[in-house]
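Have a look at query.cif below; it lists mmCIF, C-alpha atoms.
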data_final
#
loop_
_atom_site.label_atom_id
_atom_site.label_comp_id
_atom_site.auth_asym_id
_atom_site.auth_seq_id
_atom_site.Cartn_x
_atom_site.Cartn_y
_atom_site.Cartn_z
CA MET A 1341 -129.41 54.66 -37.09
CA LEU A 1342 -128.10 56.79 -39.95
CA PRO A 1343 -125.37 54.36 -41.14
CA VAL A 1344 -128.07 51.73 -41.70
CA LEU A 1345 -130.48 54.11 -43.43
CA GLN A 1346 -127.69 55.27 -45.76
CA HIS A 1347 -126.44 51.74 -46.47
CA PRO A 1348 -127.19 50.46 -50.03
CA ARG A 1349 -129.32 47.58 -48.71
CA CYS A 1350 -131.67 50.16 -47.25
CA SER A 1351 -131.22 53.31 -49.35
CA ASN A 1352 -131.31 51.58 -52.76
CA CYS A 1353 -134.92 50.55 -52.22
CA HIS A 1354 -135.79 53.97 -50.84
CA GLY A 1355 -134.93 56.10 -53.83
CA LYS A 1356 -131.15 55.93 -54.24
CA LEU A 1357 -131.36 53.60 -57.23
CA ASP A 1358 -134.06 54.13 -59.85
CA VAL A 1359 -134.07 50.90 -61.84
CA PHE A 1360 -136.09 52.55 -64.59
CA ALA A 1361 -133.69 55.44 -65.14
CA PRO A 1362 -131.27 55.21 -68.12
CA SER A 1363 -128.33 55.20 -65.69
CA ALA A 1364 -129.58 51.92 -64.21
CA ALA A 1365 -128.38 50.11 -67.34
CA THR A 1366 -124.86 50.35 -65.88
CA LEU A 1367 -125.57 50.72 -62.17
CA HIS A 1368 -127.99 47.83 -61.82
CA GLY A 1369 -126.84 44.21 -61.72
CA LYS A 1370 -126.46 42.33 -65.02
CA GLY A 1371 -127.07 45.52 -66.97
CA VAL A 1372 -130.80 45.34 -66.32
CA GLY A 1373 -132.59 48.67 -66.08
CA GLY A 1374 -133.17 51.85 -68.02
CA VAL A 1375 -136.27 52.72 -70.01
CA GLN A 1376 -138.78 49.87 -70.03
CA ASP A 1377 -142.46 49.25 -70.66
CA PRO A 1378 -144.40 51.76 -68.48
CA ALA A 1379 -146.63 48.92 -67.34
CA GLU A 1380 -143.59 47.22 -65.83
CA GLN A 1381 -143.04 50.25 -63.62
CA LYS A 1382 -146.37 49.52 -61.96
CA THR A 1383 -146.25 45.72 -61.67
CA PHE A 1384 -142.48 45.00 -61.38
CA GLU A 1385 -143.33 41.59 -62.80
CA GLY A 1386 -140.05 41.14 -64.64
CA CYS A 1387 -138.08 42.05 -61.51
CA GLN A 1388 -139.26 38.87 -59.77
CA VAL A 1389 -137.18 36.74 -62.16
CA CYS A 1390 -133.99 37.70 -60.32
CA HIS A 1391 -135.38 39.16 -57.10
CA ASN A 1392 -137.01 35.95 -55.89
CA ARG A 1393 -135.26 35.32 -52.60
CA ALA A 1394 -138.00 37.09 -50.67
CA LEU A 1395 -140.62 34.77 -52.11
CA GLU A 1396 -138.49 31.78 -51.10
CA LEU A 1397 -138.22 33.14 -47.55
CA VAL A 1398 -141.99 33.70 -47.38
CA ARG A 1399 -142.64 30.09 -48.34
CA LYS A 1400 -140.22 28.86 -45.66
CA ARG A 1401 -142.26 30.72 -43.05
CA TRP A 1402 -145.42 28.82 -43.91
CA THR A 1403 -146.65 26.12 -41.58
CA ALA A 1404 -149.29 23.46 -42.00
CA GLN A 1405 -151.71 25.88 -40.32
CA THR A 1406 -151.12 28.73 -42.81
CA SER A 1407 -154.36 29.18 -44.74
CA PRO A 1408 -154.47 29.60 -48.53
CA SER A 1409 -155.56 33.22 -48.16
CA ASP A 1410 -152.71 33.98 -45.74
CA ARG A 1411 -150.27 32.33 -48.12
CA GLU A 1412 -151.49 34.49 -50.97
CA SER A 1413 -151.24 37.71 -48.98
CA SER A 1414 -147.77 36.81 -47.68
CA LEU A 1415 -146.56 36.19 -51.22
CA ASN A 1416 -147.57 39.75 -52.06
CA THR A 1417 -145.27 41.04 -49.29
CA GLY A 1418 -142.41 39.06 -50.79
CA ARG A 1419 -142.71 40.49 -54.29
CA TRP A 1420 -139.77 42.81 -54.87
CA HIS A 1421 -140.62 46.47 -55.48
CA PRO A 1422 -139.00 49.79 -54.57
CA ALA A 1423 -140.60 51.90 -51.86
CA SER A 1424 -143.24 54.13 -53.40
CA SER A 1425 -143.76 56.77 -50.70
CA THR A 1426 -140.54 57.09 -48.69
CA LYS A 1427 -137.84 57.97 -51.21
CA TRP A 1428 -135.14 59.42 -48.97
CA GLY A 1429 -132.18 57.42 -50.30
CA THR A 1430 -130.38 60.46 -51.77
CA ALA A 1431 -131.45 62.99 -49.12
CA ASP A 1432 -129.26 64.62 -46.49
CA PRO A 1433 -129.69 63.24 -42.93
CA VAL A 1434 -132.27 65.76 -41.72
CA ARG A 1435 -134.35 65.51 -44.89
CA ALA A 1436 -134.17 61.70 -44.77
CA CYS A 1437 -135.47 61.78 -41.21
CA VAL A 1438 -138.35 64.08 -42.15
CA LEU A 1439 -139.31 61.87 -45.12
CA LEU A 1440 -139.09 58.74 -42.97
CA LYS A 1441 -141.65 60.24 -40.63
CA ARG A 1442 -143.94 61.07 -43.54
CA SER A 1443 -144.31 57.39 -44.32
CA HIS A 1444 -147.68 55.71 -43.93
CA ARG A 1445 -146.27 53.47 -41.22
CA GLU A 1446 -146.96 54.77 -37.72
CA GLY A 1447 -146.36 53.31 -34.27
CA ASP A 1448 -146.31 49.54 -34.26
CA LEU A 1449 -146.70 49.43 -38.05
CA MET A 1450 -143.19 50.87 -38.45
CA LEU A 1451 -141.73 48.38 -35.98
CA ASP A 1452 -143.60 45.50 -37.64
CA HIS A 1453 -142.13 46.62 -40.97
CA LEU A 1454 -138.62 46.35 -39.53
CA ARG A 1455 -139.25 43.07 -37.70
CA GLU A 1456 -141.45 41.15 -40.13
CA ASP A 1457 -141.12 42.35 -43.74
CA VAL A 1458 -139.12 39.77 -45.63
CA LEU A 1459 -137.47 42.35 -47.87
CA VAL A 1460 -136.12 44.09 -44.76
CA THR A 1461 -134.89 40.78 -43.34
CA LEU A 1462 -133.03 39.99 -46.55
CA GLY A 1463 -131.57 43.50 -46.55
CA PHE A 1464 -130.11 42.98 -43.06
CA GLU A 1465 -128.68 39.69 -44.27
CA GLY A 1466 -126.97 41.68 -47.00
CA LYS A 1467 -128.67 39.80 -49.85
CA ARG A 1468 -128.37 41.71 -53.12
CA GLY A 1469 -130.78 40.09 -55.56
CA GLN A 1470 -128.47 37.81 -57.56
CA ASP A 1471 -126.71 34.70 -56.32
CA ASN A 1472 -123.37 35.72 -57.84
CA LEU A 1473 -123.15 38.88 -55.70
CA ALA A 1474 -121.53 38.60 -52.27
CA PRO A 1475 -123.75 39.72 -49.37
CA GLU A 1476 -123.13 43.23 -48.04
CA PRO A 1477 -125.06 43.59 -44.76
CA PRO A 1478 -125.57 46.93 -42.99
CA PRO A 1479 -123.34 47.71 -39.99
CA MET A 1480 -125.98 46.64 -37.48
CA SER A 1481 -128.24 43.67 -36.92
CA GLN A 1482 -131.96 43.78 -37.65
CA GLU A 1483 -132.74 43.29 -33.96
CA ALA A 1484 -130.39 46.07 -32.83
CA PHE A 1485 -131.69 48.55 -35.40
CA THR A 1486 -135.31 47.80 -34.55
CA GLY A 1487 -134.48 48.38 -30.89
CA LEU A 1488 -132.91 51.77 -31.66
CA MET A 1489 -135.90 52.73 -33.78
CA ARG A 1490 -138.23 51.91 -30.91
CA GLN A 1491 -136.11 53.96 -28.46
CA TRP A 1492 -136.18 56.94 -30.83
CA MET A 1493 -139.94 56.66 -31.35
CA VAL A 1494 -140.54 56.50 -27.59
CA ALA A 1495 -138.31 59.56 -27.06
CA ILE A 1496 -140.33 61.67 -29.50
CA HIS A 1497 -143.71 60.24 -28.38
CA ALA A 1498 -144.32 58.51 -31.71
CA THR A 1499 -145.41 55.08 -30.51
CA LYS A 1500 -148.96 55.76 -31.71
CA GLN A 1501 -148.45 58.35 -34.45
CA TRP A 1502 -145.73 60.69 -35.65
CA PRO A 1503 -145.68 64.13 -33.95
CA GLU A 1504 -147.43 66.83 -35.93
CA ALA A 1505 -144.19 68.82 -36.13
CA GLY A 1506 -142.37 66.95 -38.92
CA PHE A 1507 -138.92 68.02 -37.74
CA CYS A 1508 -139.36 66.68 -34.20
CA GLY A 1509 -136.57 64.19 -33.48
CA CYS A 1510 -134.69 64.99 -36.69
CA GLY A 1511 -131.95 67.19 -35.29
CA VAL A 1512 -132.97 70.45 -36.97
CA GLY A 1513 -130.41 72.88 -35.59
CA TRP A 1514 -132.44 75.88 -34.41
CA PRO A 1515 -132.59 75.32 -30.62
CA GLY A 1516 -129.76 76.34 -28.30
CA LYS A 1517 -128.34 79.03 -26.03
CA THR A 1518 -124.92 79.51 -27.65
CA TRP A 1519 -125.97 81.66 -30.60
CA THR A 1520 -124.29 85.08 -30.82
CA GLY A 1521 -124.48 88.20 -32.96
CA TYR A 1522 -123.52 91.88 -33.13
CA ARG A 1523 -119.79 91.07 -32.72
CA GLY A 1524 -120.52 88.82 -29.77
CA ARG A 1525 -122.39 91.43 -27.76
CA SER A 1526 -125.80 89.86 -28.45
CA LYS A 1527 -126.64 86.40 -27.13
CA TYR A 1528 -129.62 84.43 -28.44
CA ASP A 1529 -131.71 81.79 -26.69
CA ILE A 1530 -133.63 79.74 -29.26
CA THR A 1531 -136.29 77.28 -28.12
CA LEU A 1532 -138.49 74.86 -30.02
CA ASP A 1533 -141.46 73.71 -27.95
CA GLY A 1534 -144.28 71.71 -29.50
CA GLY A 1535 -143.29 72.87 -32.96
CA ARG A 1536 -143.22 76.55 -31.90
CA LEU A 1537 -139.96 78.42 -32.47
CA SER A 1538 -139.03 81.37 -30.26
CA ILE A 1539 -135.85 83.47 -30.38
CA LYS A 1540 -135.05 85.85 -27.50
CA TRP A 1541 -131.88 87.87 -27.20
CA THR A 1542 -129.94 90.14 -24.92
CA THR A 1543 -127.31 92.76 -25.80
CA ASP A 1544 -124.63 93.47 -23.22
CA ASN A 1545 -126.61 91.15 -20.93
CA VAL A 1546 -129.72 93.35 -21.11
CA PRO A 1547 -132.94 91.78 -22.52
CA GLU A 1548 -133.59 93.48 -25.86
CA GLY A 1549 -135.99 91.66 -28.15
CA GLU A 1550 -137.74 88.55 -29.42
CA PHE A 1551 -138.70 86.80 -32.67
CA TYR A 1552 -141.99 85.06 -31.96
CA ASP A 1553 -145.03 83.39 -33.56
CA CYS A 1554 -142.63 81.77 -36.05
CA LYS A 1555 -143.92 79.58 -38.86
CA LEU A 1556 -141.40 77.01 -40.12
CA SER A 1557 -141.22 75.84 -43.74
CA GLY A 1558 -138.81 74.35 -46.27
CA ASN A 1559 -137.81 70.76 -47.00
CA THR A 1560 -135.98 70.48 -43.67
CA PHE A 1561 -137.82 73.28 -41.85
CA GLU A 1562 -134.85 75.57 -42.38
CA VAL A 1563 -136.96 78.69 -43.02
CA ALA A 1564 -138.77 80.71 -40.35
CA ASP A 1565 -141.16 83.62 -40.82
CA CYS A 1566 -141.75 85.41 -37.54
CA LYS A 1567 -143.00 88.54 -35.90
CA TRP A 1568 -140.50 90.58 -33.90
CA LYS A 1569 -140.38 93.15 -31.15
CA GLN A 1570 -137.43 95.08 -29.77
CA THR A 1571 -136.89 97.74 -27.12
CA GLY A 1572 -137.19 101.20 -28.63
CA MET A 1573 -138.34 99.93 -32.05
CA PRO A 1574 -141.79 99.47 -33.61
CA GLY A 1575 -141.34 95.77 -34.43
CA GLY A 1576 -142.66 94.01 -37.50
CA THR A 1577 -141.89 90.82 -39.42
CA VAL A 1578 -138.68 88.87 -40.08
CA HIS A 1579 -137.70 86.18 -42.59
CA LEU A 1580 -134.93 83.83 -41.37
CA THR A 1581 -132.99 80.96 -42.94
CA TYR A 1582 -130.94 78.38 -41.02
CA THR A 1583 -127.84 76.88 -42.71
CA ALA A 1584 -124.94 74.68 -41.59
CA VAL A 1585 -121.56 76.12 -42.61
CA ALA A 1586 -117.98 74.91 -42.33
CA GLN A 1587 -117.29 76.66 -39.02
CA GLY A 1588 -120.68 76.12 -37.43
CA GLU A 1589 -124.26 77.21 -38.05
CA ARG A 1590 -125.73 80.50 -39.22
CA ILE A 1591 -129.16 82.13 -39.17
CA GLU A 1592 -129.51 84.98 -41.63
CA GLY A 1593 -132.43 87.11 -42.67
CA LYS A 1594 -134.15 90.44 -42.98
CA ALA A 1595 -136.32 92.16 -40.40
CA TYR A 1596 -138.91 94.66 -41.63
CA ASP A 1597 -140.57 97.35 -39.52
CA GLY A 1598 -143.04 98.56 -42.14
CA LYS A 1599 -140.61 101.08 -43.58
CA ASP A 1600 -137.02 99.80 -43.45
CA TYR A 1601 -135.22 96.44 -43.62
CA TRP A 1602 -132.60 95.32 -41.09
CA ASP A 1603 -130.04 92.54 -41.53
CA VAL A 1604 -130.10 89.61 -39.12
CA ASP A 1605 -126.90 87.53 -38.78
CA ILE A 1606 -126.64 85.03 -35.93
CA PHE A 1607 -123.84 82.45 -35.61
CA ARG A 1608 -123.04 79.40 -33.50
CA GLU A 1609 -119.63 77.69 -33.57
CA ARG A 1610 -119.42 73.93 -33.76
#

Can I see the file as structure tokens?
Amino acid sequence: MLPVLQHPRCSNCHGKLDVFAPSAATLHGKGVGGVQDPAEQKTFEGCQVCHNRALELVRKRWTAQTSPSDRESSLNTGRWHPASSTKWGTADPVRACVLLKRSHREGDLMLDHLREDVLVTLGFEGKRGQDNLAPEPPPMSQEAFTGLMRQWMVAIHATKQWPEAGFCGCGVGWPGKTWTGYRGRSKYDITLDGGRLSIKWTTDNVPEGEFYDCKLSGNTFEVADCKWKQTGMPGGTVHLTYTAVAQGERIEGKAYDGKDYWDVDIFRER
């Protein structure tokens, strides 16, 4: 799904392009953009002059049975405006996933957004706001993308509401059994179950210790603060940070036993 989410037809409306920023005077079509009347940033009234295709599509969907009130409400959905709550257009993949799940659309509301919202339909058609600009559609059809979204939501049990653990389904790299440390002598088994992170390790194939009761934080849940216990040591607390590096992935941190600090350095090759 990522190539679609990162495509301009999707990402521009979700934070990649700020039409009210000074840079928009050159980035936005016809030189429109930059600092404008603050009231315009709330109503987007002037934007409808050029961005009117959605309103045209809404009107084409009307039938003789469409009531005046339904017509009025559908016109509101066709008024162009950038997304107000899910601005992940410039975020890295994991962060974009986390922000997507923080949207107000849950379960069927998310799928309805992808299937029914006219702005989304025009985006998948590649329409760009002005008639003189050639369409640039995403690399997938609206139907195919909606199907993938539904499969993903089913896989992470999000058909009714998003899982409480914001990173669930977003590929955060903690879990796995191929982590090593201490010049390869220590092997780490990291699990993430129901939002609970646990790190157990052996040295020379002998069980030695565990980081447990971990609390995850950070924009992409890359930070873990845990308790720890180890054979022959008093235990204490540990602060860990997960990062992706050129050769693989690394978890670094400091363990504290109430008196001294100990370095933690765990690595996993790609």

Residues matched by the PyMOL selection byres ((chain A and resi 1482) around 8) as an mmCIF file with C-alpha atoms, in the coordinates of the input:
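Contents of selection09.cif, freshly written:
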data_model
loop_
_atom_site.group_PDB
_atom_site.id
_atom_site.type_symbol
_atom_site.label_atom_id
_atom_site.label_comp_id
_atom_site.auth_asym_id
_atom_site.auth_seq_id
_atom_site.Cartn_x
_atom_site.Cartn_y
_atom_site.Cartn_z
ATOM 1 C CA LEU A 1454 -138.620 46.350 -39.530
ATOM 2 C CA ARG A 1455 -139.250 43.070 -37.700
ATOM 3 C CA THR A 1461 -134.890 40.780 -43.340
ATOM 4 C CA PHE A 1464 -130.110 42.980 -43.060
ATOM 5 C CA MET A 1480 -125.980 46.640 -37.480
ATOM 6 C CA SER A 1481 -128.240 43.670 -36.920
ATOM 7 C CA GLU A 1483 -132.740 43.290 -33.960
ATOM 8 C CA ALA A 1484 -130.390 46.070 -32.830
ATOM 9 C CA PHE A 1485 -131.690 48.550 -35.400
ATOM 10 C CA THR A 1486 -135.310 47.800 -34.550
#

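Using the PyMOL selection byres ((chain A and resi 1436-1452) around 6) on this structure selects Thr1426, Trp1428, Ala1431, Asp1432, Pro1433, Val1434, Arg1435, His1453, Leu1454, Arg1455, Glu1456, Thr1499, Lys1500, Gln1501, Gly1506, Phe1507 and Cys1510 of chain A.
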
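CA of Pro1479 in chain A is positioned 18.3 Å from CA of Trp1492 in chain A.
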
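The neighbours of Tyr1582 in chain A here are the residues that come within 10 Å of it, using all atoms listed in the file and leaving out any residue fewer than 4 positions away in the same chain; they are A:Val1512, A:Gly1513, A:Trp1514, A:Thr1560, A:Phe1561, A:Glu1562, A:Val1563, A:Ala1564, A:Glu1589, A:Arg1590, A:Ile1591, A:Glu1592, A:Gly1593, A:Ile1606, A:Phe1607.
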
Inset, instruction - Given the file shown, determine the residues that the PyMOL selection byres ((chain A and resi 1415) around 12) selects; report them as a list in words. - result: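 Selected by the PyMOL selection byres ((chain A and resi 1415) around 12) here: Gln1388, Asn1392, Arg1393, Ala1394, Leu1395, Glu1396, Leu1397, Val1398, Arg1399, Lys1400, Arg1401, Trp1402, Pro1408, Ser1409, Asp1410, Arg1411, Glu1412, Ser1413, Ser1414, Asn1416, Thr1417, Gly1418, Arg1419, Trp1420, Asp1457, Val1458 and Leu1459 of chain A.
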
Inset, instruction - May I ask which of the residues A:Lys1540, A:Ile1496, A:Ala1586, A:Asp1605 is the closest one to Arg1523 in chain A, counting all atoms listed in the file? - result: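 Looking only at the distances to Arg1523 in chain A, the closest residue turns out to be A:Asp1605.
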
Legend entry - All residues 12 Å or closer to Val1604 in chain A, all atoms listed in the file, same chain fewer than 6 positions away omitted, as a PyMOL selection string: chain A and resi 1520-1522+1526+1528+1551+1568+1577-1582+1590-1596

Find the spatial neighbours of Thr1531 in chain A, counting all atoms listed in the file, within a cut-off of 9 Å - ignore same-chain residues fewer than 2 positions away - and output them as a compact mmCIF listing (two decimals) with C-alpha atoms, keeping the file's coordinate frame.
# COMPACT_ATOMS: atom_id res chain seq x y z
CA TRP A 1514 -132.44 75.88 -34.41
CA PRO A 1515 -132.59 75.32 -30.62
CA GLY A 1516 -129.76 76.34 -28.30
CA LYS A 1517 -128.34 79.03 -26.03
CA ASP A 1529 -131.71 81.79 -26.69
CA ASP A 1533 -141.46 73.71 -27.95
CA ARG A 1536 -143.22 76.55 -31.90
CA LEU A 1537 -139.96 78.42 -32.47
CA SER A 1538 -139.03 81.37 -30.26
CA ILE A 1539 -135.85 83.47 -30.38
CA LYS A 1540 -135.05 85.85 -27.50

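Using only C-alpha atoms, the shortest contact distance between Gly1429 in chain A and any of A:Val1359, A:Val1389, A:Cys1353, A:Ala1474 is found at A:Cys1353.
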
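Taking CA of Asp1597 in chain A and CA of Val1585 in chain A as endpoints, the distance between them is 28.7 Å.
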
Legend entry - Point-to-point distance in Å for CA of Arg1490 in chain A and CA of Pro1475 in chain A: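 We find that CA of Pro1475 in chain A and CA of Arg1490 in chain A lie 26.4 Å from each other.
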
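Minimum distance to Gln1491 in chain A across A:Met1341, A:Asn1472, A:His1421, A:Tyr1552 (counting only C-alpha atoms) occurs at A:Met1341.
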
Edge lengths and centre in Å to one decimal, as AutoDock Vina command-line options, of the axis-aligned box that encloses all listed atoms of range 1571-1590 of chain A with 5 Å added on every side?
--center_x -130.0 --center_y 87.9 --center_z -35.0 --size_x 35.4 --size_y 36.5 --size_z 25.8

Legend entry - Pick from A:Cys1554, A:Met1573, A:Leu1462, A:Val1494, whichever lies nearest to His1391 in chain A using all atoms listed in the file: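 The shortest atom-to-atom distance to His1391 in chain A comes from A:Leu1462.
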
Provide range 1514-1544 of chain A of the preceding structure as a file containing C-alpha atoms, as a PDB file, in the first residue's frame.
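See selection09.pdb below for the written result:
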ATOM      1  CA  TRP A1514      11.587  -4.969  17.548  1.00  0.00           C
ATOM      2  CA  PRO A1515      10.336  -8.589  17.271  1.00  0.00           C
ATOM      3  CA  GLY A1516      12.566 -11.424  16.096  1.00  0.00           C
ATOM      4  CA  LYS A1517      14.931 -14.228  17.102  1.00  0.00           C
ATOM      5  CA  THR A1518      18.009 -13.227  15.082  1.00  0.00           C
ATOM      6  CA  TRP A1519      19.311 -10.462  17.346  1.00  0.00           C
ATOM      7  CA  THR A1520      22.850 -10.961  18.674  1.00  0.00           C
ATOM      8  CA  GLY A1521      25.253  -9.243  21.063  1.00  0.00           C
ATOM      9  CA  TYR A1522      28.439  -9.718  23.074  1.00  0.00           C
ATOM     10  CA  ARG A1523      30.468 -10.582  19.933  1.00  0.00           C
ATOM     11  CA  GLY A1524      27.840 -13.057  18.814  1.00  0.00           C
ATOM     12  CA  ARG A1525      27.859 -15.086  22.022  1.00  0.00           C
ATOM     13  CA  SER A1526      24.521 -13.682  23.212  1.00  0.00           C
ATOM     14  CA  LYS A1527      21.322 -14.389  21.281  1.00  0.00           C
ATOM     15  CA  TYR A1528      18.145 -12.384  21.883  1.00  0.00           C
ATOM     16  CA  ASP A1529      14.522 -13.422  21.409  1.00  0.00           C
ATOM     17  CA  ILE A1530      12.303 -10.344  21.216  1.00  0.00           C
ATOM     18  CA  THR A1531       8.523 -10.728  21.265  1.00  0.00           C
ATOM     19  CA  LEU A1532       5.711  -8.206  21.000  1.00  0.00           C
ATOM     20  CA  ASP A1533       2.411  -9.626  22.215  1.00  0.00           C
ATOM     21  CA  GLY A1534      -0.628  -7.408  22.677  1.00  0.00           C
ATOM     22  CA  GLY A1535       1.556  -4.326  22.817  1.00  0.00           C
ATOM     23  CA  ARG A1536       3.871  -5.864  25.449  1.00  0.00           C
ATOM     24  CA  LEU A1537       7.559  -6.056  24.573  1.00  0.00           C
ATOM     25  CA  SER A1538       9.759  -8.750  26.091  1.00  0.00           C
ATOM     26  CA  ILE A1539      13.458  -9.402  25.438  1.00  0.00           C
ATOM     27  CA  LYS A1540      15.041 -12.658  26.650  1.00  0.00           C
ATOM     28  CA  TRP A1541      18.598 -13.704  25.951  1.00  0.00           C
ATOM     29  CA  THR A1542      21.048 -16.537  26.287  1.00  0.00           C
ATOM     30  CA  THR A1543      24.858 -16.427  26.382  1.00  0.00           C
ATOM     31  CA  ASP A1544      26.718 -19.458  25.077  1.00  0.00           C
TER      32      ASP A1544
END
